[in-house]
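*Asks:* This structure is in structure tokens; I'll ask about it shortly.
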Amino acid sequence: MQKKTLPKPKSEIIRPEISRFPELTLRRRIFRSLLKWLAQCLVWLCLKVQIKGQENFPLSGASLVAANHLGDADVILGIALSPRPLEFIMKAEIYDFPILGWIFNQYGVIWIHRGQPDRRALRAALQTLEHNRMVCITPEGRESLSGSLEEGTRGAAFLALKSQAPILPITYTQTENWRILENLKHFKKTEITITIGNTFALQIDPSQKDKLDAGTREIMQRLASQLPEHYRGAYQNIEDSKNDGQWSG
């Protein structure tokens, strides 16, 4: 019997004014440097990190970072270990969280209203890419409820096709909240792996009608190819896709 998947979340409160291009003011640069130092301390205290494919990380130019999302540590790791600042696309609900909302607003994330046609957020992301910065999006649209890849949403494919920016696939393993908290109770560091794949452009047939669906599928298959089988979730048949010639790794 096939497991039922819960519908993707939808923002109930819409505040378009919070979705804006993150200007790199002096105050924001200083704040980001302090937050990076704090994130590095947290990583050093709580995690043991192995990074694969670090040589694939682009040190200049625009890139759309597509990542899986297992837990809260994913963002902390992105801030702490990325050689360049990442511009996160983040759910608007966090804006109202005490302290956390203020921190990310000062950092300068791109707030997005999930499940809504949030044109302001998409324009802000495209503008950020035009400024040769790195925009990070989680195509699943939320932290995974199953602990493995969920069906992708179309936002990442839209940004990739519209901007023509190369996509950098980054995957995390062992960053589930329950796993890290359980290890901390026993004063143990959680061993996690970050895999950075090769940048790629979507290979979409111009005559194809469902370009966003095809692009989403390609992005999610790339992420799945970097993960152990038990993390692939909705994309278990990745080997079949590769053999069919849809893309080559």
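Scheme for the structure tokens: letters A, B, ... for chains in order shown; per-chain residue numbers from 1; ligand numbers from 1 in order shown.
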List as number ranges by chain the protein and nucleic acid residues near Arg27 of chain A, meaning an atom at most 10 Å away when only C-alpha atoms are counted, but skip any in the same chain fewer than 3 places from it.

*Replies:* A: 24, 30-32, 106-107

*Asks:* Would you write out those residues with N, CA, C and O atoms, as a short mmCIF file (atom, residue, chain, number, x, y, z; two decimals), in the first residue's frame?

*Replies:*
```
data_model
loop_
_atom_site.label_atom_id
_atom_site.label_comp_id
_atom_site.auth_asym_id
_atom_site.auth_seq_id
_atom_site.Cartn_x
_atom_site.Cartn_y
_atom_site.Cartn_z
N LEU A 24 22.87 44.70 0.57
CA LEU A 24 24.06 44.41 1.37
C LEU A 24 24.61 45.70 1.99
O LEU A 24 25.64 46.23 1.58
N ILE A 30 28.18 43.31 8.59
CA ILE A 30 28.73 43.08 9.94
C ILE A 30 27.91 42.03 10.67
O ILE A 30 28.46 41.11 11.30
N PHE A 31 26.59 42.15 10.56
CA PHE A 31 25.70 41.18 11.22
C PHE A 31 25.94 39.77 10.68
O PHE A 31 26.00 38.81 11.45
N ARG A 32 26.09 39.65 9.37
CA ARG A 32 26.33 38.33 8.78
C ARG A 32 27.65 37.74 9.25
O ARG A 32 27.75 36.53 9.48
N GLN A 106 17.38 40.49 9.95
CA GLN A 106 18.63 41.25 9.94
C GLN A 106 19.63 40.65 8.97
O GLN A 106 20.38 41.37 8.30
N TYR A 107 19.65 39.33 8.88
CA TYR A 107 20.55 38.64 7.94
C TYR A 107 20.20 39.03 6.51
O TYR A 107 21.07 39.23 5.67
#
```

*Asks:* Can you pull out every residue within 7 Å of segment 189-196 of chain A, counting only C-alpha atoms, but drop anything in the same chain fewer than 5 positions away, and send it as a ChimeraX atom specification?

*Replies:* /A:46-54,56-57,169-175,180,183-184,226

*Asks:* Go ahead and dump the residues you just picked, C-alpha atoms, as a PDB file, in the first residue's frame.

*Replies:*
```pdb
ATOM      1  CA  CYS A  46      27.508  19.871  18.143  1.00  0.00           C
ATOM      2  CA  LEU A  47      28.525  18.295  14.851  1.00  0.00           C
ATOM      3  CA  LYS A  48      31.275  16.371  13.137  1.00  0.00           C
ATOM      4  CA  VAL A  49      31.111  17.383   9.486  1.00  0.00           C
ATOM      5  CA  GLN A  50      32.424  15.653   6.384  1.00  0.00           C
ATOM      6  CA  ILE A  51      32.211  17.681   3.167  1.00  0.00           C
ATOM      7  CA  LYS A  52      32.379  15.932  -0.198  1.00  0.00           C
ATOM      8  CA  GLY A  53      32.898  17.820  -3.451  1.00  0.00           C
ATOM      9  CA  GLN A  54      34.076  21.070  -1.898  1.00  0.00           C
ATOM     10  CA  ASN A  56      32.649  22.068  -6.937  1.00  0.00           C
ATOM     11  CA  PHE A  57      31.621  25.168  -4.995  1.00  0.00           C
ATOM     12  CA  PRO A 169      23.007  20.722  -5.851  1.00  0.00           C
ATOM     13  CA  ILE A 170      23.853  20.380  -2.152  1.00  0.00           C
ATOM     14  CA  THR A 171      22.635  17.521   0.019  1.00  0.00           C
ATOM     15  CA  TYR A 172      22.733  16.880   3.762  1.00  0.00           C
ATOM     16  CA  THR A 173      22.504  13.600   5.642  1.00  0.00           C
ATOM     17  CA  GLN A 174      22.019  12.961   9.382  1.00  0.00           C
ATOM     18  CA  THR A 175      20.819  16.532  10.119  1.00  0.00           C
ATOM     19  CA  ILE A 180      21.075  15.787  16.757  1.00  0.00           C
ATOM     20  CA  ASN A 183      23.143  12.784  20.517  1.00  0.00           C
ATOM     21  CA  LEU A 184      23.422  16.033  22.489  1.00  0.00           C
ATOM     22  CA  GLN A 226      23.858  12.435  -4.167  1.00  0.00           C
TER      23      GLN A 226
END
```

*Asks:* Out of A:Ala80, A:Leu35, A:Ala62, A:Leu145, which residue has the shortest atom-to-atom distance to Ala125 of chain A when counting only C-alpha atoms?

*Replies:* A:Ala62

*Asks:* Based on DSSP run over this structure's backbone, return all residues of segment 39-229 of chain A in strand (DSSP E or B), as a ChimeraX atom specification.

*Replies:* /A:47-52,63-67,86-91,110-112,134-137,167-173,190-196,200

*Asks:* When distances are computed from only C-alpha atoms, which of A:Arg123, A:Lys211, A:Ser148, A:Pro117 shows the smallest separation from Leu161 of chain A?

*Replies:*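 Of A:Arg123, A:Lys211, A:Ser148, A:Pro117, the one nearest Leu161 of chain A is A:Lys211, counting only C-alpha atoms.
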
*Asks:* Give the answer as one residue: which of A:Phe97, A:Ile79, A:Trp37, A:Ala73 has the shortest atom-to-atom distance to Leu181 of chain A, using only C-alpha atoms?

*Replies:*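 Under the stated criterion, the closest residue is A:Ala73.
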
*Asks:* Using DSSP assignments from the backbone, pull out every residue in segment 12-184 of chain A that falls under alpha helix (DSSP H) and give it to me as a PyMOL selection string.

*Replies:* chain A and resi 26-46+73-81+100-107+119-130+155-163+177-184

*Asks:* So which one's closest to Arg114 of chain A, A:Ser146, A:Gln208, A:Gln236, A:Ser11? Using only C-alpha atoms, please.

*Replies:*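 The closest residue to Arg114 of chain A is A:Ser11.
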